[in-house]
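Asker: The structure is given below, and queries will be raised subsequently.
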Amino acid sequence: MSARPTKRTRRQDQVELAFLEAVHRRRENNWRVWEALGELYTRAGRYEEGLAMDRRLADRHPEDPMVLYNLACSYALTGRPDDALVVLARALAAGYSDLPWMRRDKDLVSLHGDPRFEALLQRKRPPDK
């Protein structure tokens, strides 16, 4: 989430959240709803609820690099750096490769300066030419 949401965006998010929560109550096994809810919960600062959706997604898609990356972000946002780093390593192993974004992703700022985070970034660094 690079920009602070405007009032209009926050209102739209609230409407969308209410709609998706209603859909989720009726169709609780729809992984696309989990994905959308996870993103909206996180954007709304409801990190624990976003984490719950991301965990469900990771159980359903355990090798998907984006699912794993988002789960790592949720762990970082909820103050679980050890879990975040373990899952971030899994995301990289599964093929996540946008290292420039990882370096500036505000969801991972709590990991900056952690030698384990820096080691992950160095391990995946492309070779010098």
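Residue numbering restarts at 1 in every chain; chains get A, B, ... in the order shown in the structure tokens, and ligands count up from 1 in that same order.
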Need to verify the contact set: range 113-124 of chain A, 7 Å, only C-alpha atoms, exclusion of same-chain residues closer than 2 positions in sequence. Can you return it as a PyMOL selection string?

Answerer: chain A and resi 85+89+99+111+126

Asker: For the selection just defined, write its residues with all heavy atoms to a file, as a PDB file, in the first residue's frame.

Answerer:
ATOM      1  N   LEU A  85       9.812 -14.217   7.976  1.00  0.00           N
ATOM      2  CA  LEU A  85      11.057 -14.567   7.283  1.00  0.00           C
ATOM      3  C   LEU A  85      11.035 -15.995   6.762  1.00  0.00           C
ATOM      4  O   LEU A  85      11.519 -16.267   5.654  1.00  0.00           O
ATOM      5  CB  LEU A  85      12.248 -14.327   8.200  1.00  0.00           C
ATOM      6  CG  LEU A  85      12.515 -12.837   8.447  1.00  0.00           C
ATOM      7  CD1 LEU A  85      13.368 -12.640   9.690  1.00  0.00           C
ATOM      8  CD2 LEU A  85      13.157 -12.198   7.221  1.00  0.00           C
ATOM      9  N   ALA A  89      11.150 -16.761   2.730  1.00  0.00           N
ATOM     10  CA  ALA A  89      12.111 -17.690   2.113  1.00  0.00           C
ATOM     11  C   ALA A  89      11.378 -18.703   1.243  1.00  0.00           C
ATOM     12  O   ALA A  89      11.842 -19.035   0.142  1.00  0.00           O
ATOM     13  CB  ALA A  89      12.933 -18.390   3.191  1.00  0.00           C
ATOM     14  N   LEU A  99      12.687  -8.469  -6.185  1.00  0.00           N
ATOM     15  CA  LEU A  99      13.509  -7.991  -5.075  1.00  0.00           C
ATOM     16  C   LEU A  99      13.460  -6.478  -4.890  1.00  0.00           C
ATOM     17  O   LEU A  99      13.438  -6.014  -3.753  1.00  0.00           O
ATOM     18  CB  LEU A  99      14.946  -8.471  -5.231  1.00  0.00           C
ATOM     19  CG  LEU A  99      15.128  -9.989  -5.254  1.00  0.00           C
ATOM     20  CD1 LEU A  99      16.601 -10.339  -5.335  1.00  0.00           C
ATOM     21  CD2 LEU A  99      14.487 -10.632  -4.062  1.00  0.00           C
ATOM     22  N   LEU A 111      10.985  -5.666   8.947  1.00  0.00           N
ATOM     23  CA  LEU A 111      12.079  -6.626   8.744  1.00  0.00           C
ATOM     24  C   LEU A 111      13.374  -5.947   8.328  1.00  0.00           C
ATOM     25  O   LEU A 111      14.437  -6.577   8.377  1.00  0.00           O
ATOM     26  CB  LEU A 111      11.688  -7.664   7.684  1.00  0.00           C
ATOM     27  CG  LEU A 111      10.418  -8.457   7.942  1.00  0.00           C
ATOM     28  CD1 LEU A 111      10.158  -9.418   6.793  1.00  0.00           C
ATOM     29  CD2 LEU A 111      10.475  -9.189   9.270  1.00  0.00           C
ATOM     30  N   PRO A 126      20.566 -11.381  -8.401  1.00  0.00           N
ATOM     31  CA  PRO A 126      21.085 -11.916  -9.649  1.00  0.00           C
ATOM     32  C   PRO A 126      22.600 -11.742  -9.714  1.00  0.00           C
ATOM     33  O   PRO A 126      23.148 -10.803  -9.145  1.00  0.00           O
ATOM     34  CB  PRO A 126      20.395 -11.073 -10.742  1.00  0.00           C
ATOM     35  CG  PRO A 126      19.800  -9.907 -10.056  1.00  0.00           C
ATOM     36  CD  PRO A 126      19.714 -10.222  -8.582  1.00  0.00           C
TER      37      PRO A 126
END

Asker: Extract, using only C-alpha atoms, all DNA, RNA and protein residues at most 10 Å from Val67 in chain A, discarding same-chain residues fewer than 2 positions from it, and format them as a PyMOL selection string.

Answerer: chain A and resi 35+54-65+69-73+87+91+96

Asker: Just list as a PyMOL selection string whatever in range 27-96 of chain A DSSP marks as helix (DSSP H, G or I).

Answerer: chain A and resi 31-43+47-60+65-77+81-94

Asker: Keeping only C-alpha atoms, write the selected residues as a CSV table (one decimal), in the first residue's frame.

Answerer:
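After the write, out.csv holds the following:
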chain,number,residue,atom,x,y,z
A,31,TRP,CA,-10.6,-18.8,-2.3
A,32,ARG,CA,-11.0,-15.8,-4.5
A,33,VAL,CA,-13.1,-14.2,-1.8
A,34,TRP,CA,-10.3,-15.0,0.7
A,35,GLU,CA,-7.8,-13.3,-1.5
A,36,ALA,CA,-9.9,-10.1,-2.0
A,37,LEU,CA,-10.8,-10.0,1.8
A,38,GLY,CA,-7.2,-10.4,2.7
A,39,GLU,CA,-6.1,-7.5,0.6
A,40,LEU,CA,-9.0,-5.3,1.8
A,41,TYR,CA,-8.5,-6.2,5.5
A,42,THR,CA,-4.8,-5.3,5.2
A,43,ARG,CA,-5.6,-2.0,3.4
A,47,TYR,CA,-4.1,-7.1,9.9
A,48,GLU,CA,-5.1,-10.1,12.0
A,49,GLU,CA,-8.1,-10.6,9.8
A,50,GLY,CA,-5.9,-10.2,6.7
A,51,LEU,CA,-3.5,-12.8,8.1
A,52,ALA,CA,-6.4,-15.3,8.7
A,53,MET,CA,-7.4,-15.0,5.0
A,54,ASP,CA,-3.8,-15.3,3.9
A,55,ARG,CA,-3.3,-18.4,6.0
A,56,ARG,CA,-6.3,-20.0,4.4
A,57,LEU,CA,-5.0,-19.1,0.9
A,58,ALA,CA,-1.6,-20.5,1.7
A,59,ASP,CA,-3.2,-23.8,2.9
A,60,ARG,CA,-5.0,-23.9,-0.4
A,65,PRO,CA,4.8,-17.4,-4.7
A,66,MET,CA,2.4,-14.4,-4.5
A,67,VAL,CA,0.2,-16.1,-1.9
A,68,LEU,CA,3.3,-16.9,0.2
A,69,TYR,CA,4.7,-13.3,-0.3
A,70,ASN,CA,1.4,-11.9,0.9
A,71,LEU,CA,1.3,-14.2,3.9
A,72,ALA,CA,4.9,-13.1,4.8
A,73,CYS,CA,3.7,-9.5,4.6
A,74,SER,CA,0.8,-10.3,6.9
A,75,TYR,CA,3.1,-11.9,9.4
A,76,ALA,CA,5.4,-8.9,9.3
A,77,LEU,CA,2.5,-6.5,9.8
A,81,PRO,CA,9.1,-11.5,12.1
A,82,ASP,CA,10.3,-15.1,12.5
A,83,ASP,CA,7.2,-16.4,10.7
A,84,ALA,CA,7.5,-13.7,8.1
A,85,LEU,CA,11.1,-14.6,7.3
A,86,VAL,CA,10.4,-18.3,7.1
A,87,VAL,CA,7.4,-17.7,4.7
A,88,LEU,CA,9.4,-15.1,2.7
A,89,ALA,CA,12.1,-17.7,2.1
A,90,ARG,CA,9.4,-20.1,0.9
A,91,ALA,CA,8.0,-17.4,-1.5
A,92,LEU,CA,11.5,-16.9,-2.9
A,93,ALA,CA,12.0,-20.6,-3.3
A,94,ALA,CA,8.7,-20.9,-5.0

Asker: Quick one: pull the distance between CA of His112 in chain A and CA of Ser97 in chain A, Å, one decimal.

Answerer: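 CA of Ser97 in chain A lies at a distance of 17.7 Å from CA of His112 in chain A.
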
Asker: Report the distance between CA of Ala18 in chain A and CA of Gly45 in chain A in Å, rounded to one decimal place.

Answerer: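 Distance reported for this atom pair: 15.2 Å.
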